[in-house]
$ cat upload30.txt   # compact mmCIF, C-alpha atoms (C1' of nucleotides)
# COMPACT_ATOMS: atom_id res chain seq x y z
CA MET A 1 29.46 25.12 -13.07
CA GLY A 2 28.71 23.59 -16.44
CA LYS A 3 25.35 23.04 -18.02
CA ILE A 4 25.48 19.37 -17.23
CA GLU A 5 25.50 20.05 -13.51
CA GLU A 6 22.64 22.49 -13.86
CA ASN A 7 20.56 20.01 -15.79
CA LYS A 8 21.27 17.29 -13.28
CA GLU A 9 19.94 19.49 -10.55
CA ARG A 10 16.85 20.40 -12.56
CA LYS A 11 16.12 16.78 -13.40
CA ARG A 12 16.61 15.68 -9.84
CA ARG A 13 14.12 18.21 -8.67
CA ALA A 14 11.65 17.42 -11.45
CA ILE A 15 11.74 13.78 -10.43
CA MET A 16 11.30 14.52 -6.75
CA ASN A 17 8.46 16.89 -7.53
CA ALA A 18 6.58 14.23 -9.42
CA ALA A 19 7.45 11.68 -6.76
CA ARG A 20 6.19 13.94 -4.00
CA ASP A 21 2.82 14.39 -5.69
CA LEU A 22 2.36 10.72 -6.36
CA PHE A 23 3.58 9.49 -3.00
CA ARG A 24 1.27 11.96 -1.35
CA SER A 25 -1.80 11.07 -3.34
CA GLU A 26 -1.26 7.32 -3.66
CA GLY A 27 0.92 6.31 -0.76
CA PHE A 28 4.26 4.56 -1.04
CA VAL A 29 3.06 1.17 -2.25
CA LEU A 30 0.61 2.32 -4.90
CA ALA A 31 2.73 5.13 -6.32
CA ASN A 32 4.42 3.63 -9.33
CA MET A 33 7.73 4.30 -10.94
CA ASP A 34 6.51 4.37 -14.52
CA ARG A 35 4.06 7.08 -13.69
CA ILE A 36 6.56 9.08 -11.65
CA ALA A 37 8.86 9.02 -14.65
CA ALA A 38 6.04 10.10 -16.95
CA GLU A 39 4.96 12.97 -14.70
CA ALA A 40 8.54 14.12 -14.41
CA GLN A 41 8.79 14.01 -18.23
CA VAL A 42 11.70 11.67 -18.02
CA THR A 43 12.46 8.06 -18.80
CA LYS A 44 12.29 5.43 -16.11
CA GLN A 45 15.87 4.73 -16.96
CA THR A 46 16.75 8.27 -15.94
CA VAL A 47 14.86 7.98 -12.68
CA TYR A 48 16.99 4.97 -11.86
CA ARG A 49 20.14 6.81 -12.81
CA TYR A 50 19.39 9.34 -10.07
CA PHE A 51 17.80 7.09 -7.49
CA PRO A 52 18.85 3.45 -7.24
CA SER A 53 15.51 2.19 -5.94
CA LYS A 54 11.99 3.19 -5.12
CA ILE A 55 12.66 3.26 -1.41
CA GLU A 56 15.66 5.53 -1.83
CA LEU A 57 13.68 7.84 -4.05
CA PHE A 58 11.06 7.90 -1.32
CA GLU A 59 13.55 8.82 1.37
CA ALA A 60 15.10 11.54 -0.73
CA THR A 61 11.63 12.86 -1.51
CA LEU A 62 10.64 13.01 2.14
CA LYS A 63 13.72 14.99 2.93
CA PHE A 64 13.02 17.25 -0.02
CA MET A 65 9.48 17.78 1.25
CA GLY A 66 10.75 18.68 4.69
CA GLU A 67 13.14 21.23 3.26
CA SER A 68 10.75 22.83 0.83
CA SER A 69 7.71 22.98 3.08
CA GLU A 70 6.28 26.45 3.19
CA GLU A 71 4.74 27.50 6.44
CA HIS A 72 4.21 31.17 7.03
CA PHE A 73 2.29 31.05 10.31
CA MET A 74 5.59 31.38 12.15
CA ASP A 75 5.86 34.99 11.06
CA HIS A 76 2.93 36.06 13.21
CA LEU A 77 5.07 35.60 16.28
CA GLU A 78 6.92 38.77 15.33
CA ASN A 79 3.80 40.86 15.93
CA PRO A 80 4.49 43.26 18.84
CA ASP A 81 0.98 42.87 20.25
CA THR A 82 1.32 39.63 22.18
CA ALA A 83 -2.33 38.60 22.26
CA GLU A 84 -2.67 39.45 18.59
CA ALA A 85 0.44 37.45 17.80
CA LEU A 86 -0.98 34.41 19.55
CA HIS A 87 -4.36 34.62 17.89
CA ARG A 88 -2.95 35.06 14.42
CA PHE A 89 -0.44 32.33 14.89
CA ALA A 90 -3.19 30.06 16.16
CA ARG A 91 -5.36 30.61 13.13
CA GLY A 92 -2.48 30.11 10.72
CA PHE A 93 -1.36 27.01 12.56
CA VAL A 94 -4.81 25.42 12.39
CA GLN A 95 -5.32 26.39 8.77
CA PHE A 96 -2.01 24.90 7.78
CA HIS A 97 -2.62 21.64 9.61
CA LEU A 98 -6.01 21.26 7.96
CA SER A 99 -4.75 22.02 4.47
CA GLU A 100 -5.07 19.22 1.94
CA GLU A 101 -1.35 19.36 1.32
CA HIS A 102 -0.44 18.87 4.93
CA LEU A 103 -3.07 16.22 5.55
CA GLU A 104 -1.82 14.14 2.65
CA THR A 105 1.72 14.41 3.92
CA PHE A 106 0.65 13.47 7.40
CA ARG A 107 -1.28 10.46 6.13
CA LEU A 108 1.77 9.32 4.26
CA LEU A 109 4.10 9.72 7.21
CA VAL A 110 1.73 8.03 9.63
CA ALA A 111 1.14 5.10 7.33
CA GLU A 112 4.82 4.50 6.53
CA SER A 113 6.34 5.24 9.90
CA GLY A 114 4.47 2.22 11.23
CA LYS A 115 6.74 -0.09 9.27
CA ALA A 116 9.82 2.08 9.09
CA PRO A 117 10.01 4.58 11.95
CA GLU A 118 13.42 5.79 10.84
CA ILE A 119 11.85 7.07 7.64
CA THR A 120 10.23 10.06 9.23
CA LYS A 121 13.57 11.17 10.60
CA ALA A 122 14.47 12.23 7.09
CA PHE A 123 11.43 14.44 7.00
CA PHE A 124 11.92 16.03 10.39
CA SER A 125 15.66 16.44 10.11
CA VAL A 126 15.08 19.85 8.54
CA GLY A 127 11.41 20.58 8.86
CA PRO A 128 8.82 21.58 11.40
CA GLU A 129 10.47 20.02 14.41
CA ASP A 130 11.44 23.39 15.73
CA THR A 131 7.99 24.94 15.83
CA GLY A 132 7.79 23.86 19.45
CA ALA A 133 11.14 25.38 20.29
CA ARG A 134 10.27 28.68 18.66
CA LEU A 135 6.97 28.80 20.52
CA SER A 136 8.63 28.03 23.81
CA ARG A 137 10.97 30.94 23.32
CA PHE A 138 8.01 33.20 22.60
CA PHE A 139 6.21 32.02 25.73
CA ALA A 140 9.30 32.58 27.83
CA GLU A 141 10.02 36.06 26.51
CA ARG A 142 6.57 37.49 25.97
CA LEU A 143 4.55 35.70 28.59
CA LYS A 144 7.32 35.50 31.14
CA LEU A 145 6.82 31.81 31.65
CA SER A 146 9.68 30.01 33.34
CA ALA A 147 8.50 26.57 32.16
CA PRO A 148 6.95 27.22 28.76
CA ASP A 149 7.18 23.74 27.24
CA GLN A 150 4.12 22.33 28.94
CA PRO A 151 1.70 25.13 28.00
CA VAL A 152 3.04 25.12 24.47
CA ARG A 153 2.35 21.45 24.12
CA LEU A 154 -1.15 21.74 25.55
CA TRP A 155 -1.98 24.70 23.37
CA THR A 156 -0.84 23.16 20.11
CA ALA A 157 -2.67 19.99 21.03
CA MET A 158 -5.87 21.93 21.57
CA LEU A 159 -5.37 23.69 18.26
CA LEU A 160 -5.21 20.32 16.52
CA ALA A 161 -8.50 19.12 17.97
CA LEU A 162 -10.27 19.47 14.63
CA ARG A 163 -7.74 17.42 12.74
CA ASP A 164 -8.67 13.92 13.82
CA GLY A 165 -12.15 14.26 12.42
CA VAL A 166 -10.88 15.41 9.06
CA LEU A 167 -8.22 12.71 9.00
CA LEU A 168 -10.92 10.14 9.48
CA GLY A 169 -13.10 11.45 6.72
CA ARG A 170 -15.31 14.06 8.32
CA ALA A 171 -16.03 17.18 6.30
CA GLN A 172 -13.47 19.95 6.28
CA PRO A 173 -14.39 22.72 8.78
CA THR A 174 -15.26 26.11 7.32
CA ASP A 175 -12.97 29.10 7.71
CA ARG A 176 -15.46 30.43 10.22
CA GLU A 177 -15.19 27.30 12.35
CA ILE A 178 -11.42 27.24 12.14
CA GLU A 179 -11.24 30.86 13.20
CA GLU A 180 -13.57 30.28 16.12
CA HIS A 181 -11.79 27.17 17.31
CA ALA A 182 -8.41 28.88 17.22
CA ARG A 183 -9.79 31.73 19.26
CA ILE A 184 -11.42 29.51 21.86
CA ALA A 185 -8.36 27.35 22.36
CA THR A 186 -6.14 30.39 22.66
CA ASP A 187 -8.45 32.11 25.12
CA PHE A 188 -8.50 28.94 27.14
CA LEU A 189 -4.71 28.92 27.19
CA LEU A 190 -4.50 32.56 28.21
CA ALA A 191 -6.99 32.02 31.02
CA GLY A 192 -5.01 28.99 32.16
CA ILE A 193 -1.81 30.94 32.48
CA SER A 194 -3.59 34.07 33.83
CA PHE A 195 -2.51 36.35 31.05
CA GLU A 196 -4.22 39.73 30.82
CA GLY A 197 -4.37 40.90 27.18
CA MET B 1 -30.02 -23.37 14.64
CA GLY B 2 -28.18 -26.25 13.01
CA LYS B 3 -24.50 -26.98 13.21
CA ILE B 4 -23.94 -25.58 9.77
CA GLU B 5 -25.03 -22.15 10.86
CA GLU B 6 -22.84 -22.32 13.95
CA ASN B 7 -19.84 -23.28 11.91
CA LYS B 8 -20.47 -20.53 9.44
CA GLU B 9 -20.43 -18.00 12.22
CA ARG B 10 -17.22 -19.42 13.69
CA LYS B 11 -15.48 -19.43 10.33
CA ARG B 12 -16.59 -15.92 9.55
CA ARG B 13 -15.14 -14.71 12.80
CA ALA B 14 -11.94 -16.70 12.37
CA ILE B 15 -11.43 -15.11 8.99
CA MET B 16 -12.13 -11.60 10.25
CA ASN B 17 -9.81 -12.15 13.19
CA ALA B 18 -6.96 -13.07 10.92
CA ALA B 19 -7.87 -10.25 8.56
CA ARG B 20 -7.91 -7.73 11.39
CA ASP B 21 -4.43 -8.69 12.52
CA LEU B 22 -2.98 -8.56 9.05
CA PHE B 23 -4.70 -5.38 7.95
CA ARG B 24 -3.53 -3.73 11.13
CA SER B 25 0.06 -4.82 10.87
CA GLU B 26 0.50 -4.56 7.09
CA GLY B 27 -2.09 -2.09 5.89
CA PHE B 28 -4.72 -2.77 3.27
CA VAL B 29 -2.50 -3.04 0.23
CA LEU B 30 0.21 -5.25 1.68
CA ALA B 31 -2.04 -7.59 3.61
CA ASN B 32 -2.50 -10.58 1.36
CA MET B 33 -5.36 -12.97 0.94
CA ASP B 34 -3.28 -16.14 0.90
CA ARG B 35 -1.83 -15.31 4.25
CA ILE B 36 -5.15 -14.26 5.74
CA ALA B 37 -6.52 -17.64 4.70
CA ALA B 38 -3.53 -19.41 6.20
CA GLU B 39 -3.76 -17.55 9.52
CA ALA B 40 -7.46 -18.28 9.69
CA GLN B 41 -6.68 -21.96 9.06
CA VAL B 42 -8.93 -21.98 6.06
CA THR B 43 -8.61 -22.24 2.31
CA LYS B 44 -8.53 -19.15 0.19
CA GLN B 45 -11.54 -20.61 -1.54
CA THR B 46 -13.43 -20.47 1.74
CA VAL B 47 -12.45 -16.90 2.35
CA TYR B 48 -13.94 -16.02 -1.00
CA ARG B 49 -17.09 -17.94 -0.20
CA TYR B 50 -17.67 -15.62 2.75
CA PHE B 51 -16.33 -12.39 1.33
CA PRO B 52 -16.55 -11.72 -2.39
CA SER B 53 -13.46 -9.52 -2.56
CA LYS B 54 -10.59 -8.14 -0.56
CA ILE B 55 -12.20 -4.75 -0.24
CA GLU B 56 -15.43 -6.22 1.07
CA LEU B 57 -13.52 -8.32 3.56
CA PHE B 58 -11.79 -5.15 4.63
CA GLU B 59 -15.03 -3.28 5.16
CA ALA B 60 -16.57 -6.12 7.10
CA THR B 61 -13.43 -6.34 9.21
CA LEU B 62 -13.47 -2.64 10.04
CA LYS B 63 -17.04 -2.93 11.20
CA PHE B 64 -16.12 -6.00 13.20
CA MET B 65 -13.24 -4.09 14.81
CA GLY B 66 -15.53 -1.23 15.74
CA GLU B 67 -17.99 -3.58 17.37
CA SER B 68 -15.48 -5.68 19.25
CA SER B 69 -13.24 -2.87 20.45
CA GLU B 70 -12.69 -3.09 24.17
CA GLU B 71 -12.25 0.16 25.98
CA HIS B 72 -12.69 0.19 29.72
CA PHE B 73 -11.68 3.76 30.50
CA MET B 74 -15.32 4.74 30.21
CA ASP B 75 -16.07 2.99 33.48
CA HIS B 76 -14.09 5.51 35.51
CA LEU B 77 -16.79 8.06 34.90
CA GLU B 78 -18.97 6.17 37.37
CA ASN B 79 -16.64 7.07 40.24
CA PRO B 80 -18.54 9.27 42.72
CA ASP B 81 -15.51 11.47 43.38
CA THR B 82 -15.62 13.81 40.43
CA ALA B 83 -11.99 14.88 40.36
CA GLU B 84 -10.92 11.29 40.84
CA ALA B 85 -13.20 10.19 38.04
CA LEU B 86 -11.67 12.72 35.69
CA HIS B 87 -8.10 11.84 36.56
CA ARG B 88 -8.64 8.13 36.19
CA PHE B 89 -10.54 8.52 32.99
CA ALA B 90 -7.78 10.75 31.66
CA ARG B 91 -5.08 8.21 32.39
CA GLY B 92 -7.08 5.36 30.89
CA PHE B 93 -7.91 7.44 27.83
CA VAL B 94 -4.29 8.32 27.17
CA GLN B 95 -3.10 4.78 27.78
CA PHE B 96 -5.63 3.38 25.37
CA HIS B 97 -4.81 5.87 22.65
CA LEU B 98 -1.11 5.09 22.95
CA SER B 99 -1.58 1.33 22.93
CA GLU B 100 -0.02 -0.53 20.04
CA GLU B 101 -3.40 -1.94 19.14
CA HIS B 102 -5.06 1.41 18.87
CA LEU B 103 -2.17 3.04 17.09
CA GLU B 104 -2.15 0.37 14.42
CA THR B 105 -5.86 0.76 13.93
CA PHE B 106 -5.53 4.50 13.72
CA ARG B 107 -2.73 4.25 11.18
CA LEU B 108 -4.86 1.99 9.07
CA LEU B 109 -7.90 4.24 9.20
CA VAL B 110 -5.91 7.37 8.49
CA ALA B 111 -4.13 5.83 5.55
CA GLU B 112 -7.22 4.37 3.92
CA SER B 113 -9.69 7.14 4.63
CA GLY B 114 -7.59 9.34 2.37
CA LYS B 115 -8.73 7.39 -0.68
CA ALA B 116 -12.09 6.16 0.62
CA PRO B 117 -13.53 8.43 3.32
CA GLU B 118 -16.73 6.39 3.49
CA ILE B 119 -14.71 3.44 4.71
CA THR B 120 -14.24 4.78 8.20
CA LYS B 121 -17.98 5.15 8.57
CA ALA B 122 -18.18 1.41 8.91
CA PHE B 123 -15.77 1.60 11.82
CA PHE B 124 -17.46 4.45 13.63
CA SER B 125 -21.00 3.30 13.00
CA VAL B 126 -20.84 1.32 16.21
CA GLY B 127 -17.63 2.24 17.94
CA PRO B 128 -16.03 5.04 19.88
CA GLU B 129 -17.96 7.86 18.31
CA ASP B 130 -19.99 8.35 21.45
CA THR B 131 -17.11 8.92 23.86
CA GLY B 132 -17.60 12.63 23.30
CA ALA B 133 -21.31 12.42 24.02
CA ARG B 134 -20.78 10.45 27.22
CA LEU B 135 -18.17 12.94 28.40
CA SER B 136 -20.41 15.87 27.64
CA ARG B 137 -23.12 14.37 29.78
CA PHE B 138 -20.64 13.93 32.60
CA PHE B 139 -19.48 17.52 32.31
CA ALA B 140 -23.05 18.76 32.33
CA GLU B 141 -24.15 16.72 35.33
CA ARG B 142 -21.08 16.70 37.50
CA LEU B 143 -19.44 19.96 36.61
CA LYS B 144 -22.67 21.86 36.02
CA LEU B 145 -21.51 23.10 32.66
CA SER B 146 -24.25 24.43 30.43
CA ALA B 147 -22.09 24.19 27.28
CA PRO B 148 -19.90 21.14 27.88
CA ASP B 149 -18.98 20.24 24.30
CA GLN B 150 -16.24 22.79 23.92
CA PRO B 151 -14.31 21.92 27.12
CA VAL B 152 -14.68 18.23 26.35
CA ARG B 153 -13.14 18.69 22.95
CA LEU B 154 -10.29 20.79 24.30
CA TRP B 155 -9.60 18.36 27.08
CA THR B 156 -9.49 15.24 24.93
CA ALA B 157 -7.33 17.10 22.45
CA MET B 158 -4.86 17.96 25.20
CA LEU B 159 -4.87 14.38 26.35
CA LEU B 160 -3.86 13.28 22.87
CA ALA B 161 -0.86 15.61 22.75
CA LEU B 162 1.59 12.73 23.12
CA ARG B 163 0.13 10.72 20.28
CA ASP B 164 1.49 12.59 17.29
CA GLY B 165 5.05 11.95 18.34
CA VAL B 166 4.47 8.25 18.71
CA LEU B 167 2.59 8.08 15.43
CA LEU B 168 5.57 9.59 13.70
CA GLY B 169 8.03 7.20 15.20
CA ARG B 170 9.15 8.74 18.46
CA ALA B 171 9.64 6.42 21.38
CA GLN B 172 6.63 5.33 23.38
CA PRO B 173 6.27 7.43 26.58
CA THR B 174 6.70 5.61 29.88
CA ASP B 175 3.79 4.94 32.21
CA ARG B 176 5.21 7.64 34.42
CA GLU B 177 5.10 10.20 31.62
CA ILE B 178 1.61 9.19 30.58
CA GLU B 179 0.38 9.53 34.13
CA GLU B 180 1.96 12.92 34.50
CA HIS B 181 0.67 14.22 31.22
CA ALA B 182 -2.87 13.11 31.98
CA ARG B 183 -2.69 14.86 35.32
CA ILE B 184 -1.34 18.09 33.92
CA ALA B 185 -3.89 18.28 31.12
CA THR B 186 -6.72 17.55 33.52
CA ASP B 187 -5.55 20.12 36.05
CA PHE B 188 -5.33 22.63 33.26
CA LEU B 189 -8.89 21.85 32.28
CA LEU B 190 -10.16 22.13 35.84
CA ALA B 191 -8.40 25.46 36.29
CA GLY B 192 -9.88 26.70 33.03
CA ILE B 193 -13.42 25.95 34.12
CA SER B 194 -12.78 27.07 37.70
CA PHE B 195 -13.59 23.78 39.27
CA GLU B 196 -12.65 23.34 42.97
CA GLY B 197 -11.83 19.72 43.68
C1' DA C 1 34.28 18.55 -35.28
C1' DG C 2 34.52 14.73 -32.46
C1' DA C 3 34.60 12.46 -27.89
C1' DA C 4 31.93 11.68 -23.76
C1' DA C 5 28.13 11.87 -20.98
C1' DA C 6 23.25 11.80 -20.44
C1' DT C 7 18.77 10.72 -22.12
C1' DC C 8 15.35 8.43 -24.80
C1' DA C 9 12.31 4.68 -26.45
C1' DT C 10 11.11 0.27 -25.92
C1' DA C 11 11.14 -4.26 -24.87
C1' DC C 12 12.11 -7.62 -21.45
C1' DT C 13 12.51 -10.39 -16.79
C1' DA C 14 10.78 -11.89 -12.71
C1' DT C 15 7.79 -11.61 -8.89
C1' DT C 16 3.73 -10.86 -6.47
C1' DG C 17 -0.93 -11.25 -5.57
C1' DA C 18 -6.18 -11.13 -6.51
C1' DG C 19 -9.42 -14.01 -7.95
C1' DT C 20 -10.85 -18.67 -10.46
C1' DT C 21 -11.17 -23.54 -11.54
C1' DT C 22 -11.38 -28.44 -10.71
C1' DG C 23 -12.02 -32.46 -8.45
C1' DA C 24 -11.54 -34.93 -4.25
C1' DT C 25 -12.93 -35.08 0.81
C1' DT C 26 -15.49 -34.02 4.85
C1' DT C 27 -19.53 -32.62 7.51
C1' DT C 28 -24.34 -32.07 8.19
C1' DT C 29 -29.00 -33.06 7.28
C1' DT C 30 -32.93 -36.08 6.47
C1' DA D 1 -27.26 -44.62 4.08
C1' DA D 2 -27.58 -41.31 0.71
C1' DA D 3 -28.19 -36.51 -0.74
C1' DA D 4 -26.58 -31.86 -0.09
C1' DA D 5 -23.73 -28.39 1.51
C1' DA D 6 -19.27 -26.84 2.83
C1' DT D 7 -14.35 -27.29 2.75
C1' DC D 8 -9.92 -28.66 1.18
C1' DA D 9 -5.73 -28.88 -1.85
C1' DA D 10 -3.43 -27.29 -5.46
C1' DA D 11 -2.75 -25.60 -9.82
C1' DC D 12 -3.88 -21.81 -12.88
C1' DT D 13 -4.99 -17.01 -15.14
C1' DC D 14 -4.06 -12.45 -15.52
C1' DA D 15 -2.70 -7.91 -14.41
C1' DA D 16 0.48 -4.85 -12.22
C1' DT D 17 4.96 -3.35 -11.34
C1' DA D 18 10.08 -3.01 -9.69
C1' DG D 19 14.05 -3.18 -11.90
C1' DT D 20 17.22 -4.33 -16.18
C1' DA D 21 19.03 -4.42 -20.94
C1' DT D 22 19.85 -2.52 -25.52
C1' DG D 23 20.70 0.41 -29.06
C1' DA D 24 19.60 4.83 -31.06
C1' DT D 25 19.60 10.01 -30.24
C1' DT D 26 20.71 14.26 -28.11
C1' DT D 27 23.43 17.47 -25.36
C1' DT D 28 27.57 19.21 -23.55
C1' DC D 29 32.44 19.68 -23.22
C1' DT D 30 37.07 20.47 -25.30
$ encode --input "upload30.txt" --output "structure tokens"
Amino acid sequence: MGKIEENKERKRRAIMNAARDLFRSEGFVLANMDRIAAEAQVTKQTVYRYFPSKIELFEATLKFMGESSEEHFMDHLENPDTAEALHRFARGFVQFHLSEEHLETFRLLVAESGKAPEITKAFFSVGPEDTGARLSRFFAERLKLSAPDQPVRLWTAMLLALRDGVLLGRAQPTDREIEEHARIATDFLLAGISFEG
Amino acid sequence: MGKIEENKERKRRAIMNAARDLFRSEGFVLANMDRIAAEAQVTKQTVYRYFPSKIELFEATLKFMGESSEEHFMDHLENPDTAEALHRFARGFVQFHLSEEHLETFRLLVAESGKAPEITKAFFSVGPEDTGARLSRFFAERLKLSAPDQPVRLWTAMLLALRDGVLLGRAQPTDREIEEHARIATDFLLAGISFEG
DNA sequence: AGAAAATCATACTATTGAGTTTGATTTTTT
DNA sequence: AAAAAATCAAACTCAATAGTATGATTTTCT
């Protein structure tokens, strides 16, 4: 592969990086192409060589975000101590969903999917869709549940209880509060499915 | 009160009605003042006589929305049969939070509170903030819980499990699914607090 | 070295939309 | 009926911004 191809790839990524930051912080409408070009250290002309329009840049960027999203809370499910695995996963899950990065992304998706529902497909085509599936497998294997989907859904919903407040402008919970909430929700789940640690 | 004052009040409301619809369906940035004026059957000039700027119209409209929001699921808590009260409330709560009206409002608030967190205060200064408080009272009186806040939060969070999907563009659940989900979440709650129907 | 592709710098077009201005018309008050 | 307040109709200013055009410069390939 020649240097031209390499550079193309680098530029593409530089543009999508800048686009991601601006779309996240400003939203689709207010993010502007001149500034995306500037942040990417590239001419607007070049942006348009790679992406024919703002909306197509947006779609490509969403997909890019889905692919490059870094969650590590999944790893906790490998822990051999089942209760420990659940508690650690829970804390990581809550922390991630309250992180500024994720909240901005969520805001963006929620706002735009109102007008163009198909847009979020791009994001989820690669991304976090399978968290539920992975959890269900864990519940089936480790907790011996024959119908794990329901408890999984209830549990993750409980874990997200703190998010609405933050989304609507309430102060970010402290680490202490996050920790405690994750524990309470998880204990509640375990009691509900009669699991003995 | 003279006719002028009456008319002022009517016009103000007509403008905010139109503004509400447009802000909800288009979002703050894309909603435009010419169209708001047109929908309100009023001149743009008149809009500006009542509201000095778009942002101030927006704030006033949010407050107006908070005040005029019609939820009726609260009434179910008066039902003397406690389990019945919970189940009916649950269904009404889920239905409301999945209604197109509420989803659009939520989208709007989530999108805008990212840039101006204080903006949602206007909405919640009157509105649904106290659902939690009312529920806590119910849990304390009817279920004899000494610390009701935690279960209330977990329960409402479980009830909202279906919302994320819809927010991100998944198909609206059927009435059947809503009903079933509300029942399951409520049963899970009751089991968790060892309540015997 | 010289051709070809990509990028740069910059200016331009065209549209949209917030907020203003002006002067005529209607409605309410006294 | 006449003064005063509110509204209308319509044109205008001004800034922002998506997307295009042009011609010079740089980078890569052969």
$ residues_near_point --input "upload30.txt" --point "(21.3, 13.1, -27.8)" --cutoff "12 Å" --atoms "only C-alpha atoms (C1' of nucleotides)" --output "list in words"
DA4, DA5, DA6, DT7 and DC8 of chain C; DA24, DT25, DT26, DT27 and DT28 of chain D
$ closest_residue --input "upload30.txt" --among "D:DT30, D:DT7, D:DT17, D:DT22" --to "chain B" --atoms "all atoms listed in the file"
D:DT7
$ interface_residues --input "upload30.txt" --of "chain A" --to "chain B" --cutoff "7 Å" --atoms "all atoms listed in the file" --output "list of chain:residue names"
A:Arg107, A:Leu108, A:Leu109, A:Val110, A:Ala111, A:Ser113, A:Pro117, A:Thr120, A:Arg153, A:Leu154, A:Ala157, A:Met158, A:Ala161, A:Leu167, A:Leu168, A:Gly169, A:Phe188, A:Ala191, A:Gly192
$ residues_around --input "upload30.txt" --residues "DC14 in chain D" --least-positions-apart "6" --cutoff "12 Å" --atoms "only C-alpha atoms (C1' of nucleotides)" --output "ChimeraX atom specification"
/C:17-20
$ residues_around --input "upload30.txt" --residues "Lys144 in chain B" --least-positions-apart "4" --cutoff "12 Å" --atoms "only C-alpha atoms (C1' of nucleotides)" --output "list in words"
Thr82, Ser136, Arg137, Phe138, Phe139, Ala140, Pro148, Ile193, Ser194 and Phe195 of chain B
$ closest_atom_pairs --input "upload30.txt" --of "chain A" --to "chain C" --cutoff "12 Å" --atoms "all atoms listed in the file" --output "JSON lines"
{"residue": "A:Lys3", "atom": "CA", "partner": "C:DA6", "partner_atom": "C1'", "distance": 11.7}
{"residue": "A:Ile4", "atom": "CA", "partner": "C:DA6", "partner_atom": "C1'", "distance": 8.5}
{"residue": "A:Glu5", "atom": "CA", "partner": "C:DA6", "partner_atom": "C1'", "distance": 11.0}
{"residue": "A:Asn7", "atom": "CA", "partner": "C:DA6", "partner_atom": "C1'", "distance": 9.8}
{"residue": "A:Lys8", "atom": "CA", "partner": "C:DA6", "partner_atom": "C1'", "distance": 9.2}
{"residue": "A:Lys11", "atom": "CA", "partner": "C:DT7", "partner_atom": "C1'", "distance": 10.9}
{"residue": "A:Gln41", "atom": "CA", "partner": "C:DC8", "partner_atom": "C1'", "distance": 10.8}
{"residue": "A:Val42", "atom": "CA", "partner": "C:DT7", "partner_atom": "C1'", "distance": 8.2}
{"residue": "A:Thr43", "atom": "CA", "partner": "C:DC8", "partner_atom": "C1'", "distance": 6.7}
{"residue": "A:Lys44", "atom": "CA", "partner": "C:DC8", "partner_atom": "C1'", "distance": 9.7}
{"residue": "A:Gln45", "atom": "CA", "partner": "C:DT7", "partner_atom": "C1'", "distance": 8.4}
{"residue": "A:Thr46", "atom": "CA", "partner": "C:DT7", "partner_atom": "C1'", "distance": 6.9}
{"residue": "A:Val47", "atom": "CA", "partner": "C:DT7", "partner_atom": "C1'", "distance": 10.6}
{"residue": "A:Tyr48", "atom": "CA", "partner": "C:DT7", "partner_atom": "C1'", "distance": 11.9}
{"residue": "A:Arg49", "atom": "CA", "partner": "C:DA6", "partner_atom": "C1'", "distance": 9.6}
{"residue": "A:Tyr50", "atom": "CA", "partner": "C:DA6", "partner_atom": "C1'", "distance": 11.3}
$ closest_atom_pairs --input "upload30.txt" --of "chain D" --to "chain B" --cutoff "10 Å" --atoms "all atoms listed in the file" --output "CSV"
residue,atom,partner,partner_atom,distance
D:DA5,C1',B:Ile4,CA,8.7
D:DA6,C1',B:Ile4,CA,8.5
D:DT7,C1',B:Thr46,CA,7.0
D:DC8,C1',B:Thr43,CA,6.6
D:DA9,C1',B:Thr43,CA,8.3
$ residues_around --input "upload30.txt" --residues "Met65 in chain A" --least-positions-apart "6" --cutoff "10 Å" --atoms "all atoms listed in the file" --output "number ranges by chain"
A: 16-17, 20, 59, 105, 122-124, 126-127
$ atom_distance --input "upload30.txt" --atom1 "CA of Arg13 in chain B" --atom2 "CA of Ala38 in chain B"
14.2 Å
$ atom_distance --input "upload30.txt" --atom1 "CA of Ser68 in chain B" --atom2 "CA of Val94 in chain B"
19.6 Å
$ closest_residue --input "upload30.txt" --among "A:Glu179, A:Pro52, A:Thr174, A:Gly132" --to "DT20 in chain D" --atoms "only C-alpha atoms (C1' of nucleotides)"
A:Pro52
